[in-house]
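> So that we are looking at the same thing, I have put the structure below in structure tokens.
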Amino acid sequence: MSQVAEWEVLRRLVPPPDEGGAPVDWDRMGTSWGRGFPADYRQFIQAYGPGSIQAYLVIQQPEYKGAEPASPFGGMLLETVNAEDAWARDKKSPELDGADPVLITWGVTGSSDLLCWDASGDDPDAWPVLVRNRDDDLWRRYDCGMVEFLVRVLRGEFDECPLGDLALWGRPSALFLGDDEQRRLWSQGIDPWEGKR
């Protein structure tokens with residue numbers, strides 16, 4: 001499937017919010033990390049912004065390397081450090097024997113999985129997704145980009161669910177809420193996922 005087709009499938013499975021995404025200085029992002037970012041991630045952030053799918057999978061806010069993290073509780077910078085620590089100590093599946101990736105974390109889950117790119121290649125659009133499943137503390141490689149990975153999880157197209165919970169596995173539709181919308185609802189005393197006070 002092409003990136004355009006994957007994108008359209010994702011938009012059907014997880015409709016983007018009406019308010020749109022977040023502006024990012026991608027040139028500054030690329031300079032700060034020493035590499036550009038995949039087109040599908042840039043497109044996702046433009047259309048959706050950082051936020052959560054079904055209160056389970058958090059798409060990380062782009063953060064400039066060397067800057068102060070946006071949040072002391074997580075975010076791209078802190079979760080990348082966590083991923084590097086986990087890579088050093090955790091088991092790897094056989095296809096990762098001898099691998100020495102440059103990790104950038106783009107997502108985390110409610111079951112403490114880490115979703116990263118192996119950003120060691122020159123072409124960001126060819127970076128594979130590396131997932132550290134917290135259930136077995138095992139790293140696995142998926143030869144696809146972020147959007148294709150999300151589509152394949154939502155359609156249940158991998159041999160098994162790569163995540164530690166089945167919250168998104170084989171789900172025909174899912175809700176995305178941006179970080180700003182979640183904060184707004186919480187400030188009004190409303191649970192953004194239950195719609196209750």
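Each chain in the structure tokens gets a letter, A, B, ..., in the order shown, and its residues are numbered from 1; ligands are numbered from 1 in order too.
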For the strand (DSSP E or B) assignment from backbone DSSP, which residues of segment 84-158 of chain A qualify? Please present them as a list of chain:residue names.

A:Lys91, A:Lys92, A:Leu103, A:Ile104, A:Thr105, A:Trp106, A:Gly107, A:Val108, A:Thr109, A:Leu114, A:Leu115, A:Cys116, A:Trp117, A:Asp118, A:Val129, A:Leu130, A:Val131, A:Arg132, A:Asn133, A:Leu138, A:Trp139, A:Arg140, A:Arg141, A:Tyr142

> Write down as a PDB file with N, CA and C atoms, in the first residue's frame the residues of chain A whose backbone DSSP state falls under alpha helix (DSSP H).


ATOM      1  N   GLN A   3       1.977   5.309   0.663  1.00  0.00           N
ATOM      2  CA  GLN A   3       1.805   6.181   1.827  1.00  0.00           C
ATOM      3  C   GLN A   3       0.497   6.965   1.745  1.00  0.00           C
ATOM      4  N   VAL A   4       0.103   7.357   0.540  1.00  0.00           N
ATOM      5  CA  VAL A   4      -1.148   8.108   0.374  1.00  0.00           C
ATOM      6  C   VAL A   4      -2.330   7.215   0.753  1.00  0.00           C
ATOM      7  N   ALA A   5      -2.322   5.971   0.277  1.00  0.00           N
ATOM      8  CA  ALA A   5      -3.415   5.048   0.598  1.00  0.00           C
ATOM      9  C   ALA A   5      -3.452   4.742   2.093  1.00  0.00           C
ATOM     10  N   GLU A   6      -2.285   4.516   2.697  1.00  0.00           N
ATOM     11  CA  GLU A   6      -2.229   4.261   4.149  1.00  0.00           C
ATOM     12  C   GLU A   6      -2.802   5.441   4.913  1.00  0.00           C
ATOM     13  N   TRP A   7      -2.451   6.642   4.490  1.00  0.00           N
ATOM     14  CA  TRP A   7      -2.926   7.850   5.152  1.00  0.00           C
ATOM     15  C   TRP A   7      -4.452   7.933   5.096  1.00  0.00           C
ATOM     16  N   GLU A   8      -5.032   7.652   3.931  1.00  0.00           N
ATOM     17  CA  GLU A   8      -6.484   7.706   3.792  1.00  0.00           C
ATOM     18  C   GLU A   8      -7.167   6.635   4.649  1.00  0.00           C
ATOM     19  N   VAL A   9      -6.574   5.463   4.740  1.00  0.00           N
ATOM     20  CA  VAL A   9      -7.121   4.408   5.603  1.00  0.00           C
ATOM     21  C   VAL A   9      -7.082   4.860   7.057  1.00  0.00           C
ATOM     22  N   LEU A  10      -5.955   5.431   7.485  1.00  0.00           N
ATOM     23  CA  LEU A  10      -5.848   5.895   8.875  1.00  0.00           C
ATOM     24  C   LEU A  10      -6.903   6.954   9.169  1.00  0.00           C
ATOM     25  N   ARG A  11      -7.115   7.877   8.249  1.00  0.00           N
ATOM     26  CA  ARG A  11      -8.114   8.941   8.457  1.00  0.00           C
ATOM     27  C   ARG A  11      -9.526   8.362   8.590  1.00  0.00           C
ATOM     28  N   ARG A  12      -9.791   7.256   7.908  1.00  0.00           N
ATOM     29  CA  ARG A  12     -11.106   6.609   8.060  1.00  0.00           C
ATOM     30  C   ARG A  12     -11.208   5.869   9.393  1.00  0.00           C
ATOM     31  N   LEU A  13     -10.139   5.203   9.780  1.00  0.00           N
ATOM     32  CA  LEU A  13     -10.149   4.435  11.024  1.00  0.00           C
ATOM     33  C   LEU A  13     -10.109   5.334  12.257  1.00  0.00           C
ATOM     34  N   TRP A  26       9.781  22.197  11.273  1.00  0.00           N
ATOM     35  CA  TRP A  26      10.430  20.920  10.971  1.00  0.00           C
ATOM     36  C   TRP A  26      11.897  21.082  10.617  1.00  0.00           C
ATOM     37  N   ASP A  27      12.276  22.245  10.067  1.00  0.00           N
ATOM     38  CA  ASP A  27      13.702  22.481   9.797  1.00  0.00           C
ATOM     39  C   ASP A  27      14.475  22.529  11.119  1.00  0.00           C
ATOM     40  N   ARG A  28      13.914  23.234  12.095  1.00  0.00           N
ATOM     41  CA  ARG A  28      14.555  23.301  13.423  1.00  0.00           C
ATOM     42  C   ARG A  28      14.583  21.922  14.076  1.00  0.00           C
ATOM     43  N   MET A  29      13.471  21.170  13.935  1.00  0.00           N
ATOM     44  CA  MET A  29      13.440  19.807  14.488  1.00  0.00           C
ATOM     45  C   MET A  29      14.555  18.973  13.888  1.00  0.00           C
ATOM     46  N   GLY A  30      14.671  19.012  12.566  1.00  0.00           N
ATOM     47  CA  GLY A  30      15.696  18.227  11.890  1.00  0.00           C
ATOM     48  C   GLY A  30      17.093  18.625  12.304  1.00  0.00           C
ATOM     49  N   THR A  31      17.322  19.919  12.425  1.00  0.00           N
ATOM     50  CA  THR A  31      18.639  20.400  12.848  1.00  0.00           C
ATOM     51  C   THR A  31      18.944  19.951  14.268  1.00  0.00           C
ATOM     52  N   SER A  32      17.969  20.047  15.160  1.00  0.00           N
ATOM     53  CA  SER A  32      18.217  19.707  16.562  1.00  0.00           C
ATOM     54  C   SER A  32      18.500  18.218  16.750  1.00  0.00           C
ATOM     55  N   TRP A  33      17.875  17.362  15.950  1.00  0.00           N
ATOM     56  CA  TRP A  33      18.073  15.914  16.061  1.00  0.00           C
ATOM     57  C   TRP A  33      19.165  15.404  15.125  1.00  0.00           C
ATOM     58  N   ALA A  39       7.933  11.750   6.600  1.00  0.00           N
ATOM     59  CA  ALA A  39       6.820  12.536   6.061  1.00  0.00           C
ATOM     60  C   ALA A  39       5.493  12.134   6.690  1.00  0.00           C
ATOM     61  N   ASP A  40       5.302  10.832   6.984  1.00  0.00           N
ATOM     62  CA  ASP A  40       4.012  10.423   7.546  1.00  0.00           C
ATOM     63  C   ASP A  40       3.820  10.955   8.962  1.00  0.00           C
ATOM     64  N   TYR A  41       4.904  11.041   9.744  1.00  0.00           N
ATOM     65  CA  TYR A  41       4.810  11.618  11.094  1.00  0.00           C
ATOM     66  C   TYR A  41       4.525  13.117  11.002  1.00  0.00           C
ATOM     67  N   ARG A  42       5.209  13.816  10.100  1.00  0.00           N
ATOM     68  CA  ARG A  42       4.963  15.257   9.929  1.00  0.00           C
ATOM     69  C   ARG A  42       3.516  15.496   9.513  1.00  0.00           C
ATOM     70  N   GLN A  43       3.009  14.666   8.607  1.00  0.00           N
ATOM     71  CA  GLN A  43       1.621  14.800   8.157  1.00  0.00           C
ATOM     72  C   GLN A  43       0.648  14.503   9.303  1.00  0.00           C
ATOM     73  N   PHE A  44       0.969  13.492  10.105  1.00  0.00           N
ATOM     74  CA  PHE A  44       0.113  13.158  11.250  1.00  0.00           C
ATOM     75  C   PHE A  44       0.051  14.341  12.218  1.00  0.00           C
ATOM     76  N   ILE A  45       1.192  14.891  12.579  1.00  0.00           N
ATOM     77  CA  ILE A  45       1.223  16.004  13.540  1.00  0.00           C
ATOM     78  C   ILE A  45       0.488  17.217  12.973  1.00  0.00           C
ATOM     79  N   GLN A  46       0.600  17.456  11.676  1.00  0.00           N
ATOM     80  CA  GLN A  46      -0.109  18.584  11.054  1.00  0.00           C
ATOM     81  C   GLN A  46      -1.618  18.381  11.116  1.00  0.00           C
ATOM     82  N   ALA A  47      -2.084  17.150  10.896  1.00  0.00           N
ATOM     83  CA  ALA A  47      -3.527  16.890  10.853  1.00  0.00           C
ATOM     84  C   ALA A  47      -4.126  16.608  12.228  1.00  0.00           C
ATOM     85  N   MET A  76       8.726  13.202  23.722  1.00  0.00           N
ATOM     86  CA  MET A  76       9.693  12.612  22.810  1.00  0.00           C
ATOM     87  C   MET A  76      11.093  12.541  23.408  1.00  0.00           C
ATOM     88  N   LEU A  77      11.532  13.601  24.070  1.00  0.00           N
ATOM     89  CA  LEU A  77      12.897  13.610  24.626  1.00  0.00           C
ATOM     90  C   LEU A  77      13.053  12.590  25.748  1.00  0.00           C
ATOM     91  N   LEU A  78      12.189  12.648  26.732  1.00  0.00           N
ATOM     92  CA  LEU A  78      12.297  11.753  27.883  1.00  0.00           C
ATOM     93  C   LEU A  78      12.065  10.304  27.476  1.00  0.00           C
ATOM     94  N   GLU A  79      11.085  10.061  26.615  1.00  0.00           N
ATOM     95  CA  GLU A  79      10.800   8.682  26.208  1.00  0.00           C
ATOM     96  C   GLU A  79      11.907   8.114  25.319  1.00  0.00           C
ATOM     97  N   THR A  80      12.607   8.966  24.592  1.00  0.00           N
ATOM     98  CA  THR A  80      13.765   8.484  23.828  1.00  0.00           C
ATOM     99  C   THR A  80      14.878   8.050  24.770  1.00  0.00           C
ATOM    100  N   VAL A  81      15.105   8.789  25.838  1.00  0.00           N
ATOM    101  CA  VAL A  81      16.090   8.379  26.853  1.00  0.00           C
ATOM    102  C   VAL A  81      15.664   7.050  27.476  1.00  0.00           C
ATOM    103  N   ASN A  82      14.370   6.926  27.792  1.00  0.00           N
ATOM    104  CA  ASN A  82      13.865   5.663  28.339  1.00  0.00           C
ATOM    105  C   ASN A  82      14.085   4.514  27.364  1.00  0.00           C
ATOM    106  N   ALA A  83      13.853   4.769  26.074  1.00  0.00           N
ATOM    107  CA  ALA A  83      14.047   3.729  25.055  1.00  0.00           C
ATOM    108  C   ALA A  83      15.515   3.327  24.966  1.00  0.00           C
ATOM    109  N   GLU A  84      16.402   4.288  25.015  1.00  0.00           N
ATOM    110  CA  GLU A  84      17.840   3.973  24.953  1.00  0.00           C
ATOM    111  C   GLU A  84      18.254   3.124  26.151  1.00  0.00           C
ATOM    112  N   ASP A  85      17.740   3.443  27.326  1.00  0.00           N
ATOM    113  CA  ASP A  85      18.032   2.634  28.519  1.00  0.00           C
ATOM    114  C   ASP A  85      17.477   1.219  28.365  1.00  0.00           C
ATOM    115  N   ALA A  86      16.243   1.123  27.867  1.00  0.00           N
ATOM    116  CA  ALA A  86      15.616  -0.193  27.680  1.00  0.00           C
ATOM    117  C   ALA A  86      16.358  -1.003  26.621  1.00  0.00           C
ATOM    118  N   TRP A  87      16.816  -0.347  25.566  1.00  0.00           N
ATOM    119  CA  TRP A  87      17.565  -1.050  24.516  1.00  0.00           C
ATOM    120  C   TRP A  87      18.835  -1.683  25.094  1.00  0.00           C
ATOM    121  N   ALA A  88      19.492  -0.953  25.977  1.00  0.00           N
ATOM    122  CA  ALA A  88      20.755  -1.444  26.544  1.00  0.00           C
ATOM    123  C   ALA A  88      20.566  -2.681  27.417  1.00  0.00           C
ATOM    124  N   ARG A  89      19.400  -2.854  28.019  1.00  0.00           N
ATOM    125  CA  ARG A  89      19.230  -3.948  28.981  1.00  0.00           C
ATOM    126  C   ARG A  89      18.282  -5.062  28.532  1.00  0.00           C
ATOM    127  N   MET A 146       5.384   4.779  10.560  1.00  0.00           N
ATOM    128  CA  MET A 146       4.459   4.984  11.672  1.00  0.00           C
ATOM    129  C   MET A 146       2.994   4.802  11.247  1.00  0.00           C
ATOM    130  N   VAL A 147       2.578   5.458  10.167  1.00  0.00           N
ATOM    131  CA  VAL A 147       1.172   5.392   9.756  1.00  0.00           C
ATOM    132  C   VAL A 147       0.804   3.979   9.338  1.00  0.00           C
ATOM    133  N   GLU A 148       1.667   3.311   8.564  1.00  0.00           N
ATOM    134  CA  GLU A 148       1.376   1.928   8.182  1.00  0.00           C
ATOM    135  C   GLU A 148       1.300   1.037   9.424  1.00  0.00           C
ATOM    136  N   PHE A 149       2.177   1.268  10.389  1.00  0.00           N
ATOM    137  CA  PHE A 149       2.148   0.495  11.632  1.00  0.00           C
ATOM    138  C   PHE A 149       0.799   0.670  12.327  1.00  0.00           C
ATOM    139  N   LEU A 150       0.340   1.912  12.469  1.00  0.00           N
ATOM    140  CA  LEU A 150      -0.945   2.174  13.122  1.00  0.00           C
ATOM    141  C   LEU A 150      -2.093   1.499  12.375  1.00  0.00           C
ATOM    142  N   VAL A 151      -2.090   1.616  11.055  1.00  0.00           N
ATOM    143  CA  VAL A 151      -3.148   0.995  10.247  1.00  0.00           C
ATOM    144  C   VAL A 151      -3.139  -0.519  10.445  1.00  0.00           C
ATOM    145  N   ARG A 152      -1.968  -1.122  10.426  1.00  0.00           N
ATOM    146  CA  ARG A 152      -1.886  -2.581  10.546  1.00  0.00           C
ATOM    147  C   ARG A 152      -2.297  -3.056  11.938  1.00  0.00           C
ATOM    148  N   VAL A 153      -2.019  -2.258  12.975  1.00  0.00           N
ATOM    149  CA  VAL A 153      -2.500  -2.609  14.316  1.00  0.00           C
ATOM    150  C   VAL A 153      -4.024  -2.523  14.346  1.00  0.00           C
ATOM    151  N   LEU A 154      -4.568  -1.416  13.857  1.00  0.00           N
ATOM    152  CA  LEU A 154      -6.016  -1.217  13.895  1.00  0.00           C
ATOM    153  C   LEU A 154      -6.762  -2.254  13.048  1.00  0.00           C
ATOM    154  N   ASP A 179      -3.797  16.542  22.798  1.00  0.00           N
ATOM    155  CA  ASP A 179      -3.397  16.901  24.158  1.00  0.00           C
ATOM    156  C   ASP A 179      -4.142  18.144  24.651  1.00  0.00           C
ATOM    157  N   ASP A 180      -4.257  19.170  23.787  1.00  0.00           N
ATOM    158  CA  ASP A 180      -4.928  20.407  24.202  1.00  0.00           C
ATOM    159  C   ASP A 180      -6.395  20.161  24.535  1.00  0.00           C
ATOM    160  N   GLU A 181      -7.075  19.352  23.721  1.00  0.00           N
ATOM    161  CA  GLU A 181      -8.492  19.062  23.977  1.00  0.00           C
ATOM    162  C   GLU A 181      -8.657  18.267  25.266  1.00  0.00           C
ATOM    163  N   GLN A 182      -7.768  17.334  25.518  1.00  0.00           N
ATOM    164  CA  GLN A 182      -7.841  16.571  26.767  1.00  0.00           C
ATOM    165  C   GLN A 182      -7.671  17.496  27.970  1.00  0.00           C
ATOM    166  N   ARG A 183      -6.679  18.402  27.904  1.00  0.00           N
ATOM    167  CA  ARG A 183      -6.462  19.351  29.010  1.00  0.00           C
ATOM    168  C   ARG A 183      -7.680  20.244  29.208  1.00  0.00           C
ATOM    169  N   ARG A 184      -8.276  20.713  28.098  1.00  0.00           N
ATOM    170  CA  ARG A 184      -9.448  21.584  28.186  1.00  0.00           C
ATOM    171  C   ARG A 184     -10.596  20.875  28.892  1.00  0.00           C
ATOM    172  N   LEU A 185     -10.862  19.638  28.504  1.00  0.00           N
ATOM    173  CA  LEU A 185     -11.957  18.893  29.116  1.00  0.00           C
ATOM    174  C   LEU A 185     -11.684  18.593  30.585  1.00  0.00           C
ATOM    175  N   TRP A 186     -10.449  18.188  30.895  1.00  0.00           N
ATOM    176  CA  TRP A 186     -10.120  17.923  32.304  1.00  0.00           C
ATOM    177  C   TRP A 186     -10.293  19.188  33.141  1.00  0.00           C
ATOM    178  N   SER A 187      -9.910  20.345  32.594  1.00  0.00           N
ATOM    179  CA  SER A 187     -10.035  21.609  33.344  1.00  0.00           C
ATOM    180  C   SER A 187     -11.493  21.950  33.635  1.00  0.00           C
TER     181      SER A 187
END

> Go through A:Lys91, A:Arg134, A:Arg140, A:Arg155 one by one, measure the shortest atom-to-atom distance of each to Val108 of chain A using only C-alpha atoms, and give the residue with the smallest value.

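Looking only at the distances to Val108 of chain A, the closest residue turns out to be A:Arg134.
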
> So how far away is atom CA of Gly170 of chain A from atom CA of Asp191 of chain A, in Å?

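Separation of atom CA of Asp191 of chain A and atom CA of Gly170 of chain A: 25.1 Å.
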
> To one decimal in Å, tell me the separation between atom CA of Ile59 of chain A and atom CA of Ser93 of chain A.

24.2 Å

> Extract, using only C-alpha atoms, all DNA, RNA and protein residues at most 12 Å from Gly121 of chain A, discarding same-chain residues fewer than 4 positions from it, and format them as a PyMOL selection string.

chain A and resi 34-38+100-103+117+125-128

> Next, write the just-selected residues to a file, as a short mmCIF file (atom, residue, chain, number, x, y, z; two decimals), in the first residue's frame, keeping N, CA and C atoms as the atom set.


data_model
loop_
_atom_site.label_atom_id
_atom_site.label_comp_id
_atom_site.auth_asym_id
_atom_site.auth_seq_id
_atom_site.Cartn_x
_atom_site.Cartn_y
_atom_site.Cartn_z
N GLY A 34 19.63 16.28 14.22
CA GLY A 34 20.67 15.86 13.28
C GLY A 34 20.14 15.02 12.13
N ARG A 35 18.83 15.06 11.91
CA ARG A 35 18.20 14.28 10.83
C ARG A 35 16.77 14.79 10.64
N GLY A 36 16.25 14.61 9.44
CA GLY A 36 14.87 14.97 9.18
C GLY A 36 13.93 13.97 9.82
N PHE A 37 12.64 14.23 9.73
CA PHE A 37 11.63 13.33 10.30
C PHE A 37 10.77 12.76 9.17
N PRO A 38 10.23 11.56 9.36
CA PRO A 38 9.43 10.93 8.30
C PRO A 38 8.23 11.78 7.89
N ASP A 100 22.47 -1.69 16.13
CA ASP A 100 22.85 -0.55 16.96
C ASP A 100 22.07 0.68 16.47
N PRO A 101 20.76 0.72 16.75
CA PRO A 101 19.91 1.76 16.17
C PRO A 101 20.11 3.12 16.83
N VAL A 102 19.74 4.14 16.08
CA VAL A 102 19.55 5.48 16.63
C VAL A 102 18.06 5.56 16.91
N LEU A 103 17.69 5.59 18.19
CA LEU A 103 16.29 5.54 18.57
C LEU A 103 15.69 6.94 18.72
N TRP A 117 11.46 4.85 16.10
CA TRP A 117 12.07 4.62 14.81
C TRP A 117 13.51 4.18 15.04
N ASP A 125 11.92 8.30 5.60
CA ASP A 125 10.72 7.60 5.16
C ASP A 125 10.94 6.09 5.07
N ALA A 126 12.18 5.65 5.21
CA ALA A 126 12.49 4.21 5.19
C ALA A 126 12.82 3.68 6.59
N TRP A 127 12.73 4.55 7.61
CA TRP A 127 13.04 4.10 8.97
C TRP A 127 12.02 3.06 9.41
N PRO A 128 12.48 1.90 9.90
CA PRO A 128 11.54 0.92 10.44
C PRO A 128 11.08 1.32 11.84
#

> What separation in Å, quoted to one decimal, exists between atom CA of Leu163 of chain A and atom CA of Thr109 of chain A?

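Atom CA of Thr109 of chain A lies 7.9 Å from atom CA of Leu163 of chain A.
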
> What's the 9 Å shell around Pro16 of chain A, counting only C-alpha atoms, without same-chain residues fewer than 2 positions away, as a PDB file with all heavy atoms, in the first residue's frame?


ATOM      1  N   ARG A  11      -7.115   7.877   8.249  1.00  0.00           N
ATOM      2  CA  ARG A  11      -8.114   8.941   8.457  1.00  0.00           C
ATOM      3  C   ARG A  11      -9.526   8.362   8.590  1.00  0.00           C
ATOM      4  O   ARG A  11     -10.349   8.930   9.292  1.00  0.00           O
ATOM      5  CB  ARG A  11      -8.051   9.968   7.326  1.00  0.00           C
ATOM      6  CG  ARG A  11      -6.798  10.823   7.376  1.00  0.00           C
ATOM      7  CD  ARG A  11      -6.700  11.741   6.164  1.00  0.00           C
ATOM      8  NE  ARG A  11      -7.835  12.625   6.068  1.00  0.00           N
ATOM      9  CZ  ARG A  11      -7.906  13.842   6.602  1.00  0.00           C
ATOM     10  NH1 ARG A  11      -6.896  14.307   7.309  1.00  0.00           N
ATOM     11  NH2 ARG A  11      -8.975  14.582   6.444  1.00  0.00           N
ATOM     12  N   ARG A  12      -9.791   7.256   7.908  1.00  0.00           N
ATOM     13  CA  ARG A  12     -11.106   6.609   8.060  1.00  0.00           C
ATOM     14  C   ARG A  12     -11.208   5.869   9.393  1.00  0.00           C
ATOM     15  O   ARG A  12     -12.248   5.901  10.047  1.00  0.00           O
ATOM     16  CB  ARG A  12     -11.364   5.634   6.904  1.00  0.00           C
ATOM     17  CG  ARG A  12     -11.770   6.297   5.612  1.00  0.00           C
ATOM     18  CD  ARG A  12     -12.327   5.321   4.601  1.00  0.00           C
ATOM     19  NE  ARG A  12     -11.439   4.220   4.271  1.00  0.00           N
ATOM     20  CZ  ARG A  12     -10.482   4.249   3.353  1.00  0.00           C
ATOM     21  NH1 ARG A  12     -10.273   5.360   2.661  1.00  0.00           N
ATOM     22  NH2 ARG A  12      -9.732   3.196   3.114  1.00  0.00           N
ATOM     23  N   VAL A  14      -9.347   6.421  12.161  1.00  0.00           N
ATOM     24  CA  VAL A  14      -9.171   7.363  13.271  1.00  0.00           C
ATOM     25  C   VAL A  14      -9.368   8.776  12.704  1.00  0.00           C
ATOM     26  O   VAL A  14      -8.406   9.410  12.272  1.00  0.00           O
ATOM     27  CB  VAL A  14      -7.761   7.239  13.902  1.00  0.00           C
ATOM     28  CG1 VAL A  14      -7.646   8.135  15.130  1.00  0.00           C
ATOM     29  CG2 VAL A  14      -7.417   5.811  14.234  1.00  0.00           C
ATOM     30  N   ASP A  18     -11.384  18.146  14.475  1.00  0.00           N
ATOM     31  CA  ASP A  18     -11.790  19.306  13.686  1.00  0.00           C
ATOM     32  C   ASP A  18     -10.807  20.462  13.821  1.00  0.00           C
ATOM     33  O   ASP A  18     -10.610  21.220  12.874  1.00  0.00           O
ATOM     34  CB  ASP A  18     -13.183  19.788  14.114  1.00  0.00           C
ATOM     35  CG  ASP A  18     -14.265  18.780  13.758  1.00  0.00           C
ATOM     36  OD1 ASP A  18     -14.050  17.966  12.842  1.00  0.00           O
ATOM     37  OD2 ASP A  18     -15.321  18.799  14.421  1.00  0.00           O
ATOM     38  N   GLU A  19     -10.217  20.591  15.012  1.00  0.00           N
ATOM     39  CA  GLU A  19      -9.332  21.733  15.249  1.00  0.00           C
ATOM     40  C   GLU A  19      -7.968  21.575  14.597  1.00  0.00           C
ATOM     41  O   GLU A  19      -7.152  22.485  14.606  1.00  0.00           O
ATOM     42  CB  GLU A  19      -9.173  22.002  16.750  1.00  0.00           C
ATOM     43  CG  GLU A  19      -8.482  20.903  17.524  1.00  0.00           C
ATOM     44  CD  GLU A  19      -9.418  19.832  18.064  1.00  0.00           C
ATOM     45  OE1 GLU A  19     -10.598  19.778  17.684  1.00  0.00           O
ATOM     46  OE2 GLU A  19      -8.940  19.027  18.878  1.00  0.00           O
ATOM     47  N   GLY A  20      -7.694  20.410  14.006  1.00  0.00           N
ATOM     48  CA  GLY A  20      -6.429  20.215  13.308  1.00  0.00           C
ATOM     49  C   GLY A  20      -5.275  19.956  14.254  1.00  0.00           C
ATOM     50  O   GLY A  20      -5.453  19.730  15.448  1.00  0.00           O
ATOM     51  N   GLY A  21      -4.084  19.988  13.698  1.00  0.00           N
ATOM     52  CA  GLY A  21      -2.897  19.607  14.447  1.00  0.00           C
ATOM     53  C   GLY A  21      -2.113  20.773  14.989  1.00  0.00           C
ATOM     54  O   GLY A  21      -2.667  21.836  15.270  1.00  0.00           O
ATOM     55  N   PHE A  44       0.969  13.492  10.105  1.00  0.00           N
ATOM     56  CA  PHE A  44       0.113  13.158  11.250  1.00  0.00           C
ATOM     57  C   PHE A  44       0.051  14.341  12.218  1.00  0.00           C
ATOM     58  O   PHE A  44      -1.039  14.734  12.655  1.00  0.00           O
ATOM     59  CB  PHE A  44       0.642  11.914  11.969  1.00  0.00           C
ATOM     60  CG  PHE A  44      -0.259  11.442  13.071  1.00  0.00           C
ATOM     61  CD1 PHE A  44      -1.171  10.423  12.848  1.00  0.00           C
ATOM     62  CD2 PHE A  44      -0.222  12.034  14.331  1.00  0.00           C
ATOM     63  CE1 PHE A  44      -2.031   9.998  13.860  1.00  0.00           C
ATOM     64  CE2 PHE A  44      -1.070  11.622  15.343  1.00  0.00           C
ATOM     65  CZ  PHE A  44      -1.975  10.601  15.109  1.00  0.00           C
ATOM     66  N   ALA A  47      -2.084  17.150  10.896  1.00  0.00           N
ATOM     67  CA  ALA A  47      -3.527  16.890  10.853  1.00  0.00           C
ATOM     68  C   ALA A  47      -4.126  16.608  12.228  1.00  0.00           C
ATOM     69  O   ALA A  47      -5.263  16.988  12.500  1.00  0.00           O
ATOM     70  CB  ALA A  47      -3.824  15.710   9.928  1.00  0.00           C
ATOM     71  N   TYR A  48      -3.379  15.918  13.095  1.00  0.00           N
ATOM     72  CA  TYR A  48      -3.901  15.479  14.391  1.00  0.00           C
ATOM     73  C   TYR A  48      -3.286  16.238  15.567  1.00  0.00           C
ATOM     74  O   TYR A  48      -3.954  16.503  16.547  1.00  0.00           O
ATOM     75  CB  TYR A  48      -3.613  13.987  14.613  1.00  0.00           C
ATOM     76  CG  TYR A  48      -4.354  13.037  13.717  1.00  0.00           C
ATOM     77  CD1 TYR A  48      -3.921  12.777  12.427  1.00  0.00           C
ATOM     78  CD2 TYR A  48      -5.478  12.359  14.181  1.00  0.00           C
ATOM     79  CE1 TYR A  48      -4.589  11.876  11.610  1.00  0.00           C
ATOM     80  CE2 TYR A  48      -6.161  11.446  13.363  1.00  0.00           C
ATOM     81  CZ  TYR A  48      -5.706  11.219  12.078  1.00  0.00           C
ATOM     82  OH  TYR A  48      -6.367  10.329  11.276  1.00  0.00           O
ATOM     83  N   GLY A  49      -1.993  16.508  15.486  1.00  0.00           N
ATOM     84  CA  GLY A  49      -1.255  17.032  16.628  1.00  0.00           C
ATOM     85  C   GLY A  49      -0.886  15.904  17.567  1.00  0.00           C
ATOM     86  O   GLY A  49      -1.261  14.745  17.358  1.00  0.00           O
ATOM     87  N   LEU A 175     -11.017   6.602  18.451  1.00  0.00           N
ATOM     88  CA  LEU A 175     -11.108   8.030  18.743  1.00  0.00           C
ATOM     89  C   LEU A 175      -9.721   8.582  19.057  1.00  0.00           C
ATOM     90  O   LEU A 175      -8.967   7.987  19.830  1.00  0.00           O
ATOM     91  CB  LEU A 175     -12.034   8.264  19.944  1.00  0.00           C
ATOM     92  CG  LEU A 175     -12.162   9.703  20.447  1.00  0.00           C
ATOM     93  CD1 LEU A 175     -12.781  10.602  19.381  1.00  0.00           C
ATOM     94  CD2 LEU A 175     -12.984   9.736  21.732  1.00  0.00           C
ATOM     95  N   PHE A 176      -9.406   9.718  18.445  1.00  0.00           N
ATOM     96  CA  PHE A 176      -8.185  10.455  18.759  1.00  0.00           C
ATOM     97  C   PHE A 176      -8.575  11.743  19.457  1.00  0.00           C
ATOM     98  O   PHE A 176      -9.475  12.450  19.005  1.00  0.00           O
ATOM     99  CB  PHE A 176      -7.400  10.796  17.490  1.00  0.00           C
ATOM    100  CG  PHE A 176      -6.180  11.647  17.762  1.00  0.00           C
ATOM    101  CD1 PHE A 176      -4.971  11.057  18.054  1.00  0.00           C
ATOM    102  CD2 PHE A 176      -6.271  13.034  17.748  1.00  0.00           C
ATOM    103  CE1 PHE A 176      -3.851  11.839  18.329  1.00  0.00           C
ATOM    104  CE2 PHE A 176      -5.160  13.824  18.029  1.00  0.00           C
ATOM    105  CZ  PHE A 176      -3.953  13.216  18.315  1.00  0.00           C
ATOM    106  N   LEU A 177      -7.917  12.036  20.559  1.00  0.00           N
ATOM    107  CA  LEU A 177      -8.072  13.333  21.228  1.00  0.00           C
ATOM    108  C   LEU A 177      -6.696  13.964  21.373  1.00  0.00           C
ATOM    109  O   LEU A 177      -5.761  13.336  21.889  1.00  0.00           O
ATOM    110  CB  LEU A 177      -8.708  13.176  22.609  1.00  0.00           C
ATOM    111  CG  LEU A 177     -10.199  12.858  22.645  1.00  0.00           C
ATOM    112  CD1 LEU A 177     -10.665  12.670  24.087  1.00  0.00           C
ATOM    113  CD2 LEU A 177     -11.012  13.962  21.973  1.00  0.00           C
TER     114      LEU A 177
END
